[in-house]
Every structure is written in C-alpha cells, then in structure tokens.
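*Asks:* This structure is in structure tokens; I'll ask about it shortly.
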Amino acid sequence: MPSISLERDPVGTFIMRCQCGSVEIGRGEVRWQAFEIEPRPKGLALVTCRQCHAQARLDEPRLA
Ligand SMILES: [Zn+2]
C-alpha cells in the first residue's frame, strides 16, 4: 500500500494524503505546502511528505 496517495474528484479537486495523517487539498495550479513534488519523465512525480519524509511515485498532480 503506498505511503502517499493522490485522488482527484470529478470537479478536479486534488486530495493528497500521507500515511502520517498529513492531508492537503488543492485545485488548479496547486502550490503544495505539505508535500514536495519533483517532476519525473512520463508524467510521473516523486512526492515527498514534508512531515514524515515518506516518498511515493505518483502521477504528476496538475490539471490536464
Ligand atoms: Zn507523511
């Protein structure tokens, strides 16, 4: 089970959650504060939780 998960609801709101309980919600051009997003090739991103330093590879959280 991934330590960090990203959901996107039908109206385009991103919900990023970490196993440590850190949650951040954003829309549009999100400026993440609780998570560090490092873009990777093929639309992926390396996401790091600033609170517990867990990492996960996720689809890059941006609007299509
Ligand atoms: Zn965390």
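In the structure tokens, each chain is lettered A, B, ... as it comes, each chain's residues begin at 1, and ligands are numbered from 1 in order of appearance.
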What's around His53 (chain A) at 10 Å? Count only C-alpha atoms, leave out sequence neighbours fewer than 2 positions away in its own chain, and write the answer as a list in words.
*Replies:*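 Those residues are Cys18, Cys20, Phe35, Glu36, Val47, Thr48, Cys49, Arg50, Gln51, Gln55 and Ala56 of chain A.
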*Asks:* So that I can check the secondary structure, give me every residue of chain A assigned strand (DSSP E or B) by backbone DSSP, as a ChimeraX atom specification.
*Replies:* /A:4-8,13-18,23-27,35-40,44-49,55-59
*Asks:* Which residue out of A:Leu6, A:Val11, A:Gln33, A:Ala54 has the minimum interatomic distance to ligand 1 when only C-alpha atoms and all ligand atoms are used?
*Replies:*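 Closest to ligand 1, using only C-alpha atoms and all ligand atoms: A:Ala54.
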*Asks:* Take CA of Arg31 (chain A) and CA of Ser3 (chain A) and report the distance between them in Å, one decimal.
*Replies:*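 So the two atoms, CA of Arg31 (chain A) and CA of Ser3 (chain A), lie 20.5 Å apart.
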*Asks:* Pro41 (chain A): which residues within 12 Å, counting only C-alpha atoms, same-chain residues fewer than 4 positions away excluded, as a compact mmCIF listing (two decimals) with C-alpha atoms, in the first residue's frame?
*Replies:*
# COMPACT_ATOMS: atom_id res chain seq x y z
CA ALA A 45 6.33 12.80 -9.98
CA LEU A 46 8.31 11.89 -6.91
CA ARG A 57 5.86 7.95 -7.21
CA LEU A 58 2.54 9.29 -8.39
CA ASP A 59 1.01 10.82 -11.47
CA GLU A 60 2.02 14.44 -11.52
*Asks:* Looking at A:Thr13, A:Glu29, A:Glu38, A:Gly21, which one is nearest to ligand 1, with distances taken over only C-alpha atoms and all ligand atoms?
*Replies:* A:Gly21
*Asks:* For Met16 (chain A), list every protein, DNA or RNA residue within 6 Å, evaluated using only C-alpha atoms, and leave out those in the same chain fewer than 5 positions away; present the list as a PyMOL selection string.
*Replies:* chain A and resi 5-6+23-24
*Asks:* Quick one: everything within 12 Å of Ile15 (chain A), counting only C-alpha atoms, minus sequence neighbours fewer than 6 positions away in the same chain. Send it as a PyMOL selection string.
*Replies:* chain A and resi 4-9+22-28+30+32+34-35+61-62
